[in-house]
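Asker: I'd like to ask some things about the structure below.
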Amino acid sequence: MVENLSALIDTVQKNCTIADARHARDMTICTFLLEMREYYRWEMEIPYGARLPKDELGDWLTARESLWDTVEEEAFIPLPVSGGIDPFDADDVNRALVPYGLVYSSGLGHFRKPHFVLAELKRAEVREGVKVYVAGCEYARDLIAPPAAMRDGAIFLRMDAVRRLLWNKFEEWQWKEKDTALGRAFAYHDFEQDIERGLDRMAEAESEAMILHEVGEARAEKLLGADWNSMLGQLNSKHAELLARAVRDHLADCLVTLPTLLEREAHGSLHFYLANLSGLRRALFPALVQAYELWLGSRDGSQLAAVIDTAATHWLEAAQKLTTAYQRDPAHGDAAINALAGGDLAGLKL
């Protein structure tokens with residue numbers, strides 16, 4: 001057993017609190033409140049669907065923001081593992097923890113926000129030479145819980161976050177039009193007949209789709225080279241970073257996720273993918289939406305497959321164009337990338 005597990009949990013949670021103190025209030029007020037509600041549900045171990053106590057939630061939120069004020073300037077703490085390990089050295093931490101059925105992840109997410117999580121290790125595997133850690137029960141985490149991410153060359157999948165995401169989507173969908181891509185995804189897994197079993201089935205299916213996306217990210221990273229990550233780490237404009245990430249996401253999905261889902265006839269995951277294609281990603285890729293609508297009518301995947309195949313080349317060229325524009329004048333790289341959003345990349349049609 002890991003020596004002094006409680007101290008390890010407390011240390012990871014303290015680092016999570018410091019990260020939240022520095023970055024949580026950067027979100028819009030609406031997003032912030034939604035994330036805080038779910039964080040409260042996780043921390044208090046309140047079941048999905050259970051009504052949250054309004055007064056207690058308000059008191060907790062006030063206390064949490066007061067706590068953030070006291071720790072915001074503190075440095076991240078080394079983890080009490082193997083004599084003390086930097087909290088960003090996830091590989092070293094996992095060498096010590098994985099044999100004991102634990103897994104740890106750390107890294108920088110959107111807009112360089114630090115993320116930390118300590119969890120039960122459900123399983124470990126290798127896909128295309130990339131380690132995959134599948135985490136179960138989470139013992140320490142920060143406010144934002146990305147269901148899947150590539151961290152230091154390893155894929156980290158959080159089943160708890162996957163289930164929470166699906167439940168929230170289901171609750172939201174119940175108040176909306178039923179005949180949508182999201183509704184088709186829930187119908188595929190018979191959610192309304194048996195919510196618990198449907199959630200189990202859908203969590204397994206979508207966790208696999210998320211792993212496929214991260215495998216696609218690994219392939220994309222090899223194609224784009226070190227210059228891409230260097231650029232991404234130096235962007236200061238949120239819109240420029242979102243655009244770059246959207247382009248890389250499309251490349252990863254056209255290389256691996258979408259062709260694999262089509263080949264496996266994983267129709268539920270195809271519906272869920274289109275349901276979550278929104279904002280900038282949807283605006284950049286109208287051809288995929290059009291091909292999906294045609295596929296719904298015919299169930300002939302050949303045209304959809306052709307669009308995805310052509311798009312893989314397009315998104316690789318688009319990503320290279322972004323890198324070139326940035327490198328031409330790094331001091332004004334954000335502006336150069338943002339300019340491309342309204343030009344060569346806008347309203348892509350294949």
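Identifiers in this document derive from the order of the structure tokens: chains are assigned A, B, ..., residues are numbered from 1 separately in each chain, and ligands are numbered from 1 in order of occurrence.
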Would you list the contacts of A:Asp227 as an mmCIF file with N, CA and C atoms, in the first residue's frame, taking every protein, DNA or RNA residue within 12 Å and counting only C-alpha atoms, but skipping same-chain residues closer than 2 positions in sequence?

Answerer:
data_model
loop_
_atom_site.group_PDB
_atom_site.id
_atom_site.type_symbol
_atom_site.label_atom_id
_atom_site.label_comp_id
_atom_site.auth_asym_id
_atom_site.auth_seq_id
_atom_site.Cartn_x
_atom_site.Cartn_y
_atom_site.Cartn_z
ATOM 1 N N GLU A 221 0.119 14.951 -33.430
ATOM 2 C CA GLU A 221 1.322 15.545 -32.840
ATOM 3 C C GLU A 221 2.575 15.126 -33.613
ATOM 4 N N LYS A 222 2.616 13.870 -34.039
ATOM 5 C CA LYS A 222 3.763 13.399 -34.822
ATOM 6 C C LYS A 222 3.834 14.115 -36.168
ATOM 7 N N LEU A 223 2.673 14.349 -36.775
ATOM 8 C CA LEU A 223 2.642 15.013 -38.076
ATOM 9 C C LEU A 223 2.995 16.501 -37.967
ATOM 10 N N LEU A 224 2.588 17.125 -36.873
ATOM 11 C CA LEU A 224 2.779 18.576 -36.744
ATOM 12 C C LEU A 224 4.128 18.946 -36.160
ATOM 13 N N GLY A 225 4.734 18.049 -35.394
ATOM 14 C CA GLY A 225 6.065 18.312 -34.863
ATOM 15 C C GLY A 225 6.074 19.241 -33.659
ATOM 16 N N ASN A 229 3.311 22.474 -30.713
ATOM 17 C CA ASN A 229 3.145 22.613 -29.262
ATOM 18 C C ASN A 229 3.820 23.866 -28.729
ATOM 19 N N SER A 230 4.946 24.224 -29.342
ATOM 20 C CA SER A 230 5.627 25.458 -28.941
ATOM 21 C C SER A 230 4.732 26.665 -29.197
ATOM 22 N N MET A 231 4.095 26.686 -30.362
ATOM 23 C CA MET A 231 3.183 27.778 -30.694
ATOM 24 C C MET A 231 1.999 27.809 -29.733
ATOM 25 N N LEU A 232 1.395 26.651 -29.487
ATOM 26 C CA LEU A 232 0.217 26.578 -28.636
ATOM 27 C C LEU A 232 0.523 27.083 -27.228
ATOM 28 N N GLY A 233 1.725 26.798 -26.758
ATOM 29 C CA GLY A 233 2.108 27.206 -25.416
ATOM 30 C C GLY A 233 2.402 28.688 -25.284
ATOM 31 N N GLN A 234 2.518 29.392 -26.417
ATOM 32 C CA GLN A 234 2.876 30.816 -26.364
ATOM 33 C C GLN A 234 1.751 31.755 -26.791
ATOM 34 N N ALA A 319 -3.495 23.227 -40.177
ATOM 35 C CA ALA A 319 -2.651 23.323 -38.980
ATOM 36 C C ALA A 319 -1.266 23.836 -39.343
ATOM 37 N N GLN A 320 -0.731 23.351 -40.451
ATOM 38 C CA GLN A 320 0.587 23.814 -40.897
ATOM 39 C C GLN A 320 0.546 25.289 -41.281
ATOM 40 N N LYS A 321 -0.582 25.724 -41.827
ATOM 41 C CA LYS A 321 -0.750 27.133 -42.195
ATOM 42 C C LYS A 321 -0.750 28.009 -40.941
ATOM 43 N N LEU A 322 -1.399 27.534 -39.883
ATOM 44 C CA LEU A 322 -1.413 28.286 -38.629
ATOM 45 C C LEU A 322 -0.007 28.410 -38.053
ATOM 46 N N THR A 323 0.733 27.310 -38.082
ATOM 47 C CA THR A 323 2.098 27.325 -37.550
ATOM 48 C C THR A 323 2.976 28.291 -38.345
ATOM 49 N N THR A 324 2.854 28.242 -39.661
ATOM 50 C CA THR A 324 3.647 29.129 -40.521
ATOM 51 C C THR A 324 3.317 30.593 -40.255
ATOM 52 N N ALA A 325 2.015 30.891 -40.123
ATOM 53 C CA ALA A 325 1.595 32.272 -39.873
ATOM 54 C C ALA A 325 2.160 32.767 -38.544
ATOM 55 N N TYR A 326 2.179 31.894 -37.554
ATOM 56 C CA TYR A 326 2.706 32.295 -36.235
ATOM 57 C C TYR A 326 4.216 32.509 -36.305
ATOM 58 N N GLN A 327 4.922 31.579 -36.926
ATOM 59 C CA GLN A 327 6.388 31.650 -36.959
ATOM 60 C C GLN A 327 6.895 32.820 -37.792
ATOM 61 N N PRO A 330 6.275 35.926 -34.606
ATOM 62 C CA PRO A 330 5.736 35.487 -33.314
ATOM 63 C C PRO A 330 5.184 36.629 -32.462
#

Asker: May I have a table of the residues of stretch 197-224 of chain A lying at most 12 Å from stretch 110-130 of chain A, giving each one's closest pair of atoms and their distance in Å to one decimal, counting only C-alpha atoms, ordered by chain and ascending residue number, as a tab-separated table?

Answerer:
residue	atom	partner	partner_atom	distance
A:Glu208	CA	A:Arg127	CA	11.4
A:Ile211	CA	A:Arg127	CA	8.8
A:Leu212	CA	A:Arg127	CA	9.0
A:His213	CA	A:Arg127	CA	11.6
A:Glu214	CA	A:Val130	CA	9.5
A:Val215	CA	A:Arg127	CA	7.2
A:Gly216	CA	A:Glu128	CA	10.0
A:Glu217	CA	A:Val130	CA	10.8
A:Ala218	CA	A:Val130	CA	7.9
A:Arg219	CA	A:Glu128	CA	9.1

Asker: Choose the residue, out of A:Gln174, A:Arg248, A:Asp91, A:Val12, that has the smallest atom-to-atom separation from A:Glu138; count only C-alpha atoms.

Answerer: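 With only C-alpha atoms as the atom set, the closest residue is A:Val12.
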
Asker: Mind the document's chain letters and residue numbers, and return as number ranges by chain the residues of stretch 215-328 of chain A that DSSP labels alpha helix (DSSP H).

Answerer: A: 215-224, 226-234, 238-252, 258-264, 267-275, 279-284, 286-298, 302-328

Asker: Identify, with DSSP run on backbone atoms, the residues in stretch 117-146 of chain A assigned to strand (DSSP E), and express the list as a PyMOL selection string.

Answerer: chain A and resi 117-127+130-141

Asker: Which of these residues is nearest to A:Arg164, using only C-alpha atoms: A:Pro87, A:Gly109, A:Gly333, A:Pro147?

Answerer: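 The closest residue to A:Arg164 is A:Pro147.
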
Asker: Could you check how far atom CA of A:Thr70 sits from atom CA of A:Ala161, in Å to one decimal?

Answerer: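 Between atom CA of A:Thr70 and atom CA of A:Ala161 the gap is 28.0 Å.
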